[in-house]
Amino acid sequence: MEQTVKKFSIKEIKEFIASIPYNKITIKDILSFEKTKENKILAGVIALLLGLFIMGVLMYLLHGHHAYNVTREHPWGLLIAVYIFFVVSSTGLCIVGSLGDVFGFKDYMLISKRAIFGSIVTILSGFAVIAFEIGHPVTMLIYNIVSPGLRSAIWWMGTLYGLYLTFMIIEFMFLLKNDMKNARTFGLIGLLVGLAAHSNLGGVFGFLNARTISNGVFYPTYFILTAFITGIFIAFIMMGFRYKLNFTKEVQVMLSNLAKIQGLLISILIFFVTWKMLTDIYGGMENRSGVAIHILGSWTFWAEVILAMLIPIYIILKSKGDDTKKLFYASLGGMVGIFFMRYNLVHDTQLKPLQMMKTEQYQLAPQWVHYFPSAAEIMISLGGLGICLALYYVGTKLFNLDSDTHH
Amino acid sequence: MANYGMALDYKNCINCKACEVACKEENGVELGAEKHRIWVGGNEPDGIWPLLNIASAAFMPSQCQHCENAPCEEVCPTHATYYDDNGVVRVDADKCILCSYCMNACPYDARYVDSRTMTVDKCNFCSETRLARGETTTACQNTCPTKVRIFGDLDDPNSEISVLLRTREHFTLKTHLGTKPKLFYML
Ligand code: SF4
Ligand code: SF4
């Protein structure tokens, strides 16, 4: 009896998968794009980035963690920052995608499929990068299950992100089949799991009592806020490329609505960051104000502020969100700013040496912990971007990512 | 079942670093300055001659504090870091995935990556070596010429360390973090 039930369900699953609409494509189709100059450059860049990924991975395989510049005092480096960058992007796209298909805001329906596909692609890229940072990814898969550390924010983050990916894929399949009811159910579960996973990622830093600069509730909430902002930046970028900046009326309406939301979110972010800095500097907590002042003096912090906050909000306020073309470019810059935001978060957490009286141990102890990524770290990180772009490109060939109602 | 801790009569330390060497030798710790389970810290004396602050120039041996409430254990996603039956905080290399979370979470800089096994390593009070052979001292304690280190069972009221902690003033490091360190510095 059981056997037949099992067989039946496997058959059903097979049928379900077989009924997902996709375009049958060959390698030739993938390579055949409109041979404009821009497209050729973009294709070249993606190929280069993928090449860098392979080289970086080879360096890692040959030299292990010695290929990285992480140290005892600075155990987390660029790859962790890039992983965070990708998973934040994924959560953000999931939020943007959910506006239409989960919450039923009709205007946003036309980006749902594309955003959900983007969220799958970005998280896969994040996993591809982190696989080469975690020393033993296979051990992780095993011991995550047989010996779960339930008090560890990393355990929750990793496990929930795994689940989230599953839900996103299921949601995307239903979206492709235009089964909106099921897409909504799985979308809602995926969104909730994603938000939980993402705030746990903030918790990874928030739980550190050794690091006063990160400890507390700030990062878990800030991560959700910045995820939404990141999602909107990427929405602009994806739509900009899709329509080559000649937006149809509906797309224009949606984008300028998104821009207005973005204006609000960035204002809240500026408010948050201002108060974080004020409390860090004047809150009188041991070891915190020095770190905060050091951060204020670093150019990466100002890159984050100018690119991800000031420029976009200026354009949004000036044009009331209607200048979608400029906002496309501002979003490209915004993503660079978001990258620095992630990098700063990781680096700044580890800035302050724990010292432990080792003030003269073999060498004079540094006042600040220094770190600059190694070639292998940079190559794998850029490669992650290459993977993301390549997967997205293949996706645009394989699936119809436009809204069906829209055409 | 014991509850091991260590008292440090740190003002007797002469910075000979014999303990660092003994630890590396006994426990097969990897060579290299970054790879150390224990260390002796020191300050240049503060002040300008002749008004030098002699008290500021004390040497400070340190290592993993074997916290009773260890942040490293709490953050470990696979329970690779665990409390053993003797209250010693240890790492099971087979379970360690090298996420490095514990290195970030430890307030005492007590952990490092062993690049032979690619897992995190730290002081374990010689649990795998001397204690496993039935000895009752650690390598650092055994080698110290000025008897700075006193290792023993905090649950045994008659152990040398318990007597010492009852009779002499002492402090712990970064006490305000609530980690309840089991390394005690004697005043
Ligand atoms: S000192 Fe660090 S490594 Fe040792 S138990 Fe405490 S938190 Fe863990
Ligand atoms: S590096 Fe190893 S011991 Fe440390 S938290 Fe990760 S899995 Fe646990």
# chains A, B, ... in the order shown; residues from 1 in each chain; ligands from 1
$ residues_around --residues "Gly178 in chain B" --least-positions-apart "3" --cutoff "12 Å" --atoms "only C-alpha atoms" --output "PyMOL selection string"
(chain A and resi 209-210) or (chain B and resi 67-71+107+172-175+181-182)
$ write_last_selection --atoms "N, CA and C atoms" --output "PDB file, in the first residue's frame"
ATOM      1  N   ASN A 209      29.293  39.328  22.571  1.00  0.00           N
ATOM      2  CA  ASN A 209      29.503  40.262  23.679  1.00  0.00           C
ATOM      3  C   ASN A 209      30.964  40.683  23.787  1.00  0.00           C
ATOM      4  N   ALA A 210      31.820  40.011  23.012  1.00  0.00           N
ATOM      5  CA  ALA A 210      33.226  40.417  23.003  1.00  0.00           C
ATOM      6  C   ALA A 210      33.418  41.684  22.169  1.00  0.00           C
TER       7      ALA A 210
ATOM      8  N   CYS B  67      36.021  29.387  30.398  1.00  0.00           N
ATOM      9  CA  CYS B  67      34.839  30.063  30.930  1.00  0.00           C
ATOM     10  C   CYS B  67      33.746  29.059  31.328  1.00  0.00           C
ATOM     11  N   GLU B  68      33.121  29.346  32.451  1.00  0.00           N
ATOM     12  CA  GLU B  68      31.988  28.513  32.860  1.00  0.00           C
ATOM     13  C   GLU B  68      30.789  28.816  31.976  1.00  0.00           C
ATOM     14  N   ASN B  69      30.753  30.041  31.474  1.00  0.00           N
ATOM     15  CA  ASN B  69      29.671  30.471  30.598  1.00  0.00           C
ATOM     16  C   ASN B  69      30.339  30.938  29.301  1.00  0.00           C
ATOM     17  N   ALA B  70      30.786  29.968  28.516  1.00  0.00           N
ATOM     18  CA  ALA B  70      31.713  30.280  27.428  1.00  0.00           C
ATOM     19  C   ALA B  70      30.996  30.745  26.162  1.00  0.00           C
ATOM     20  N   PRO B  71      31.267  31.957  25.704  1.00  0.00           N
ATOM     21  CA  PRO B  71      30.667  32.430  24.449  1.00  0.00           C
ATOM     22  C   PRO B  71      31.025  31.523  23.270  1.00  0.00           C
ATOM     23  N   PRO B 107      36.185  36.462  23.926  1.00  0.00           N
ATOM     24  CA  PRO B 107      36.681  37.798  24.282  1.00  0.00           C
ATOM     25  C   PRO B 107      38.163  37.793  24.644  1.00  0.00           C
ATOM     26  N   THR B 172      39.565  38.120  38.014  1.00  0.00           N
ATOM     27  CA  THR B 172      39.498  37.438  36.718  1.00  0.00           C
ATOM     28  C   THR B 172      39.459  38.509  35.626  1.00  0.00           C
ATOM     29  N   LEU B 173      39.688  38.082  34.383  1.00  0.00           N
ATOM     30  CA  LEU B 173      39.770  39.046  33.278  1.00  0.00           C
ATOM     31  C   LEU B 173      38.399  39.258  32.627  1.00  0.00           C
ATOM     32  N   LYS B 174      38.140  40.505  32.276  1.00  0.00           N
ATOM     33  CA  LYS B 174      36.881  40.871  31.607  1.00  0.00           C
ATOM     34  C   LYS B 174      35.674  40.271  32.332  1.00  0.00           C
ATOM     35  N   THR B 175      35.707  40.373  33.633  1.00  0.00           N
ATOM     36  CA  THR B 175      34.661  39.779  34.474  1.00  0.00           C
ATOM     37  C   THR B 175      33.274  40.298  34.102  1.00  0.00           C
ATOM     38  N   PRO B 181      35.217  33.301  34.031  1.00  0.00           N
ATOM     39  CA  PRO B 181      36.481  32.641  33.709  1.00  0.00           C
ATOM     40  C   PRO B 181      36.973  31.766  34.860  1.00  0.00           C
ATOM     41  N   LYS B 182      37.702  30.726  34.532  1.00  0.00           N
ATOM     42  CA  LYS B 182      38.281  29.868  35.567  1.00  0.00           C
ATOM     43  C   LYS B 182      39.804  29.988  35.624  1.00  0.00           C
TER      44      LYS B 182
END
$ interface_residues --of "chain B" --to "chain A" --cutoff "6 Å" --atoms "only C-alpha atoms" --output "MDAnalysis selection string"
chainID B and resid 41:43 74:79 97:99 105 107 112
$ select_by_dssp --residues "range 15-69 of chain B" --states "helix (DSSP H, G or I)" --output "PyMOL selection string"
chain B and resi 18-27+54-57
$ closest_atom_pairs --of "chain B" --to "ligand 1" --cutoff "10 Å" --atoms "only C-alpha atoms and all ligand atoms" --output "tab-separated table"
residue	atom	partner	partner_atom_place_in_ligand_line	distance
B:Arg37	CA	ligand 1	3 (S)	9.8
B:Ser62	CA	ligand 1	1 (S)	9.5
B:Gln63	CA	ligand 1	1 (S)	7.0
B:Cys64	CA	ligand 1	4 (Fe)	3.7
B:Gln65	CA	ligand 1	1 (S)	3.9
B:His66	CA	ligand 1	5 (S)	3.8
B:Cys67	CA	ligand 1	5 (S)	4.2
B:Glu68	CA	ligand 1	5 (S)	7.2
B:Asn69	CA	ligand 1	6 (Fe)	7.5
B:Ala70	CA	ligand 1	7 (S)	4.6
B:Pro71	CA	ligand 1	7 (S)	4.8
B:Cys72	CA	ligand 1	8 (Fe)	4.5
B:Glu73	CA	ligand 1	8 (Fe)	6.4
B:Glu74	CA	ligand 1	7 (S)	8.9
B:Val75	CA	ligand 1	7 (S)	9.8
B:Thr81	CA	ligand 1	8 (Fe)	8.3
B:Tyr82	CA	ligand 1	5 (S)	9.2
B:Tyr83	CA	ligand 1	5 (S)	8.8
B:Gly87	CA	ligand 1	5 (S)	9.9
B:Val88	CA	ligand 1	5 (S)	8.0
B:Val89	CA	ligand 1	5 (S)	5.4
B:Arg90	CA	ligand 1	5 (S)	8.1
B:Val91	CA	ligand 1	3 (S)	9.4
B:Cys102	CA	ligand 1	3 (S)	7.3
B:Met103	CA	ligand 1	3 (S)	7.5
B:Asn104	CA	ligand 1	2 (Fe)	9.3
B:Ala105	CA	ligand 1	7 (S)	6.7
B:Cys106	CA	ligand 1	7 (S)	3.9
B:Pro107	CA	ligand 1	2 (Fe)	5.9
B:Tyr108	CA	ligand 1	1 (S)	5.2
B:Asp109	CA	ligand 1	2 (Fe)	6.5
B:Ala110	CA	ligand 1	3 (S)	5.0
B:Arg111	CA	ligand 1	3 (S)	5.8
B:Tyr112	CA	ligand 1	3 (S)	9.4
B:Val120	CA	ligand 1	3 (S)	9.8
B:Asp121	CA	ligand 1	3 (S)	8.9
B:Lys122	CA	ligand 1	3 (S)	6.6
B:Cys123	CA	ligand 1	4 (Fe)	7.5
B:Asn124	CA	ligand 1	4 (Fe)	8.7
B:Leu173	CA	ligand 1	1 (S)	9.6
B:Thr179	CA	ligand 1	6 (Fe)	6.8
B:Lys180	CA	ligand 1	6 (Fe)	8.3
B:Pro181	CA	ligand 1	6 (Fe)	6.6
B:Lys182	CA	ligand 1	6 (Fe)	8.7
B:Leu183	CA	ligand 1	1 (S)	9.0
$ residues_around --residues "Phe86 in chain A" --least-positions-apart "6" --cutoff "7 Å" --atoms "only C-alpha atoms" --output "PyMOL selection string"
chain A and resi 122-123+125-126
$ write_last_selection --atoms "N, CA and C atoms" --output "PDB file, in the first residue's frame"
ATOM      1  N   THR A 122      20.839  34.884  -6.482  1.00  0.00           N
ATOM      2  CA  THR A 122      21.773  35.551  -5.568  1.00  0.00           C
ATOM      3  C   THR A 122      22.133  34.648  -4.395  1.00  0.00           C
ATOM      4  N   ILE A 123      21.166  33.911  -3.880  1.00  0.00           N
ATOM      5  CA  ILE A 123      21.535  33.078  -2.728  1.00  0.00           C
ATOM      6  C   ILE A 123      22.440  31.926  -3.175  1.00  0.00           C
ATOM      7  N   SER A 125      24.659  32.135  -5.475  1.00  0.00           N
ATOM      8  CA  SER A 125      25.990  32.739  -5.598  1.00  0.00           C
ATOM      9  C   SER A 125      26.626  32.905  -4.219  1.00  0.00           C
ATOM     10  N   GLY A 126      25.799  33.310  -3.243  1.00  0.00           N
ATOM     11  CA  GLY A 126      26.302  33.443  -1.873  1.00  0.00           C
ATOM     12  C   GLY A 126      26.818  32.105  -1.358  1.00  0.00           C
TER      13      GLY A 126
END
$ residues_around --residues "Gly97 in chain A" --least-positions-apart "2" --cutoff "12 Å" --atoms "only C-alpha atoms" --output "PyMOL selection string"
chain A and resi 89-95+99-120+168+171-172+175+183-184+187-188+190-191+228+231-232+234-235+258+401+403
$ write_last_selection --atoms "N, CA and C atoms" --output "compact mmCIF listing (two decimals), in the first residue's frame"
# COMPACT_ATOMS: atom_id res chain seq x y z
N SER A 89 20.97 40.55 -0.68
CA SER A 89 20.32 40.80 -1.96
C SER A 89 19.16 39.84 -2.17
N SER A 90 19.39 38.58 -1.81
CA SER A 90 18.35 37.57 -1.99
C SER A 90 17.13 37.91 -1.16
N THR A 91 17.35 38.20 0.12
CA THR A 91 16.21 38.53 0.98
C THR A 91 15.49 39.76 0.44
N GLY A 92 16.26 40.74 0.00
CA GLY A 92 15.66 41.96 -0.53
C GLY A 92 14.80 41.66 -1.75
N LEU A 93 15.31 40.85 -2.66
CA LEU A 93 14.53 40.52 -3.86
C LEU A 93 13.29 39.72 -3.49
N CYS A 94 13.43 38.90 -2.47
CA CYS A 94 12.27 38.12 -2.01
C CYS A 94 11.19 39.08 -1.49
N ILE A 95 11.60 40.12 -0.76
CA ILE A 95 10.62 41.09 -0.25
C ILE A 95 9.96 41.81 -1.44
N LEU A 99 5.79 41.61 -2.81
CA LEU A 99 4.82 42.71 -2.83
C LEU A 99 3.65 42.35 -3.74
N GLY A 100 3.97 41.81 -4.91
CA GLY A 100 2.92 41.46 -5.86
C GLY A 100 2.26 40.14 -5.54
N ASP A 101 3.07 39.07 -5.51
CA ASP A 101 2.40 37.76 -5.48
C ASP A 101 2.00 37.31 -4.09
N VAL A 102 2.54 37.87 -3.02
CA VAL A 102 2.09 37.47 -1.69
C VAL A 102 1.11 38.50 -1.14
N PHE A 103 1.47 39.76 -1.24
CA PHE A 103 0.60 40.78 -0.64
C PHE A 103 -0.45 41.32 -1.61
N GLY A 104 -0.35 40.94 -2.86
CA GLY A 104 -1.41 41.26 -3.81
C GLY A 104 -1.43 42.70 -4.29
N PHE A 105 -0.31 43.43 -4.18
CA PHE A 105 -0.27 44.76 -4.79
C PHE A 105 -0.09 44.57 -6.30
N LYS A 106 -1.15 44.86 -7.04
CA LYS A 106 -1.17 44.52 -8.47
C LYS A 106 0.00 45.15 -9.25
N ASP A 107 0.32 46.41 -8.91
CA ASP A 107 1.35 47.11 -9.67
C ASP A 107 2.69 46.38 -9.68
N TYR A 108 2.93 45.64 -8.60
CA TYR A 108 4.25 45.03 -8.47
C TYR A 108 4.30 43.61 -9.02
N MET A 109 3.14 43.16 -9.47
CA MET A 109 3.06 41.80 -10.00
C MET A 109 4.06 41.58 -11.12
N LEU A 110 4.28 42.63 -11.90
CA LEU A 110 5.07 42.41 -13.10
C LEU A 110 6.55 42.19 -12.83
N ILE A 111 6.96 42.36 -11.58
CA ILE A 111 8.36 42.06 -11.29
C ILE A 111 8.50 40.80 -10.43
N SER A 112 7.38 40.26 -9.97
CA SER A 112 7.45 39.14 -9.01
C SER A 112 8.34 38.01 -9.48
N LYS A 113 8.04 37.52 -10.70
CA LYS A 113 8.75 36.34 -11.17
C LYS A 113 10.24 36.61 -11.28
N ARG A 114 10.54 37.77 -11.84
CA ARG A 114 11.95 38.14 -12.04
C ARG A 114 12.66 38.29 -10.69
N ALA A 115 11.97 38.92 -9.74
CA ALA A 115 12.61 39.14 -8.44
C ALA A 115 12.82 37.82 -7.71
N ILE A 116 11.82 36.95 -7.78
CA ILE A 116 11.97 35.66 -7.08
C ILE A 116 13.08 34.85 -7.75
N PHE A 117 13.15 34.89 -9.06
CA PHE A 117 14.25 34.20 -9.72
C PHE A 117 15.59 34.82 -9.29
N GLY A 118 15.61 36.14 -9.21
CA GLY A 118 16.83 36.83 -8.75
C GLY A 118 17.21 36.41 -7.34
N SER A 119 16.21 36.20 -6.50
CA SER A 119 16.53 35.83 -5.12
C SER A 119 17.16 34.43 -5.08
N ILE A 120 16.72 33.55 -5.99
CA ILE A 120 17.33 32.21 -6.04
C ILE A 120 18.77 32.31 -6.53
N MET A 168 11.77 29.18 -2.02
CA MET A 168 11.84 30.11 -3.15
C MET A 168 11.73 29.36 -4.47
N GLU A 171 8.17 28.27 -4.92
CA GLU A 171 7.35 29.43 -5.29
C GLU A 171 7.57 29.79 -6.76
N PHE A 172 8.82 29.76 -7.16
CA PHE A 172 9.14 30.14 -8.54
C PHE A 172 8.50 29.16 -9.53
N LEU A 175 4.98 30.06 -9.83
CA LEU A 175 4.83 31.31 -10.60
C LEU A 175 4.94 31.02 -12.09
N ALA A 183 1.60 29.75 -5.33
CA ALA A 183 2.76 30.64 -5.30
C ALA A 183 2.67 31.55 -4.08
N ARG A 184 1.46 32.01 -3.79
CA ARG A 184 1.29 32.90 -2.64
C ARG A 184 1.61 32.17 -1.34
N GLY A 187 5.24 31.48 -1.23
CA GLY A 187 5.92 32.78 -1.15
C GLY A 187 5.88 33.33 0.26
N LEU A 188 4.71 33.21 0.90
CA LEU A 188 4.59 33.74 2.26
C LEU A 188 5.49 32.97 3.22
N GLY A 190 8.14 31.25 2.45
CA GLY A 190 9.52 31.57 2.09
C GLY A 190 9.94 32.92 2.62
N LEU A 191 9.04 33.88 2.51
CA LEU A 191 9.35 35.23 2.99
C LEU A 191 9.61 35.23 4.49
N PHE A 228 15.64 45.25 2.21
CA PHE A 228 14.57 45.83 1.40
C PHE A 228 15.18 46.88 0.44
N GLY A 231 17.01 45.17 -2.27
CA GLY A 231 16.06 44.57 -3.21
C GLY A 231 15.57 45.59 -4.23
N ILE A 232 15.29 46.80 -3.76
CA ILE A 232 14.78 47.83 -4.67
C ILE A 232 15.89 48.29 -5.63
N ILE A 234 18.24 46.44 -6.77
CA ILE A 234 18.39 45.40 -7.80
C ILE A 234 17.18 45.39 -8.73
N ALA A 235 16.01 45.69 -8.18
CA ALA A 235 14.82 45.75 -9.04
C ALA A 235 15.04 46.78 -10.15
N LEU A 258 8.23 52.27 -6.46
CA LEU A 258 9.32 51.64 -5.69
C LEU A 258 10.30 52.71 -5.22
N LEU A 401 10.50 35.47 -17.71
CA LEU A 401 10.50 36.13 -16.41
C LEU A 401 9.57 37.34 -16.37
N SER A 403 5.93 39.20 -16.43
CA SER A 403 4.63 38.82 -15.90
C SER A 403 3.71 38.45 -17.06
$ select_by_dssp --residues "range 18-105 of chain B" --states "strand (DSSP E or B)" --output "PyMOL selection string"
chain B and resi 38-42+46+53+59-63+81-83+89-91
$ residues_around --residues "Tyr68 in chain A" --least-positions-apart "3" --cutoff "9 Å" --atoms "only C-alpha atoms" --output "PyMOL selection string"
chain A and resi 60+63-65+71+77+373-377
$ residues_around --residues "range 148-155 of chain B" --least-positions-apart "5" --cutoff "8 Å" --atoms "only C-alpha atoms" --output "number ranges by chain"
B: 2-13, 136-138, 140-141, 160-162
$ atom_distance --atom1 "CA of Leu192 in chain A" --atom2 "CA of Asn215 in chain A"
24.0 Å
$ atom_distance --atom1 "CA of Ala43 in chain A" --atom2 "CA of Ser256 in chain A"
29.5 Å
$ closest_residue --among "B:Leu164, B:Ala132, B:Cys144, B:Ala80" --to "ligand 2" --atoms "only C-alpha atoms and all ligand atoms"
B:Ala80
$ closest_residue --among "B:Glu20, B:Asp114, B:Glu26, B:Glu44" --to "ligand 2" --atoms "only C-alpha atoms and all ligand atoms"
B:Asp114
$ residues_around --residues "Phe399 in chain A" --least-positions-apart "4" --cutoff "8 Å" --atoms "only C-alpha atoms" --output "compact mmCIF listing (two decimals) with all heavy atoms, in the first residue's frame"
# COMPACT_ATOMS: atom_id res chain seq x y z
N PRO A 21 6.67 25.31 -17.44
CA PRO A 21 7.04 25.84 -18.76
C PRO A 21 8.45 26.40 -18.77
O PRO A 21 8.82 27.18 -17.90
CB PRO A 21 6.02 26.96 -18.97
CG PRO A 21 5.56 27.35 -17.62
CD PRO A 21 5.71 26.16 -16.74
N TYR A 22 9.24 25.94 -19.72
CA TYR A 22 10.57 26.55 -19.92
C TYR A 22 10.93 26.44 -21.38
O TYR A 22 10.35 25.65 -22.12
CB TYR A 22 11.62 25.89 -19.02
CG TYR A 22 12.00 24.49 -19.42
CD1 TYR A 22 13.14 24.25 -20.18
CD2 TYR A 22 11.22 23.41 -19.02
CE1 TYR A 22 13.47 22.96 -20.55
CE2 TYR A 22 11.54 22.11 -19.41
CZ TYR A 22 12.68 21.89 -20.17
OH TYR A 22 13.01 20.63 -20.54
N ASN A 23 11.88 27.26 -21.80
CA ASN A 23 12.29 27.21 -23.21
C ASN A 23 13.40 26.19 -23.36
O ASN A 23 14.34 26.18 -22.57
CB ASN A 23 12.82 28.58 -23.64
CG ASN A 23 11.82 29.67 -23.32
OD1 ASN A 23 10.61 29.46 -23.40
ND2 ASN A 23 12.33 30.83 -22.92
N LEU A 176 5.88 30.14 -12.44
CA LEU A 176 6.04 29.82 -13.86
C LEU A 176 4.78 29.16 -14.41
O LEU A 176 4.39 29.36 -15.56
CB LEU A 176 7.22 28.86 -14.06
CG LEU A 176 8.62 29.48 -13.96
CD1 LEU A 176 9.67 28.38 -14.06
CD2 LEU A 176 8.85 30.52 -15.03
N GLY A 395 18.93 32.19 -16.95
CA GLY A 395 17.52 32.19 -16.52
C GLY A 395 16.64 32.98 -17.46
O GLY A 395 15.51 32.57 -17.78
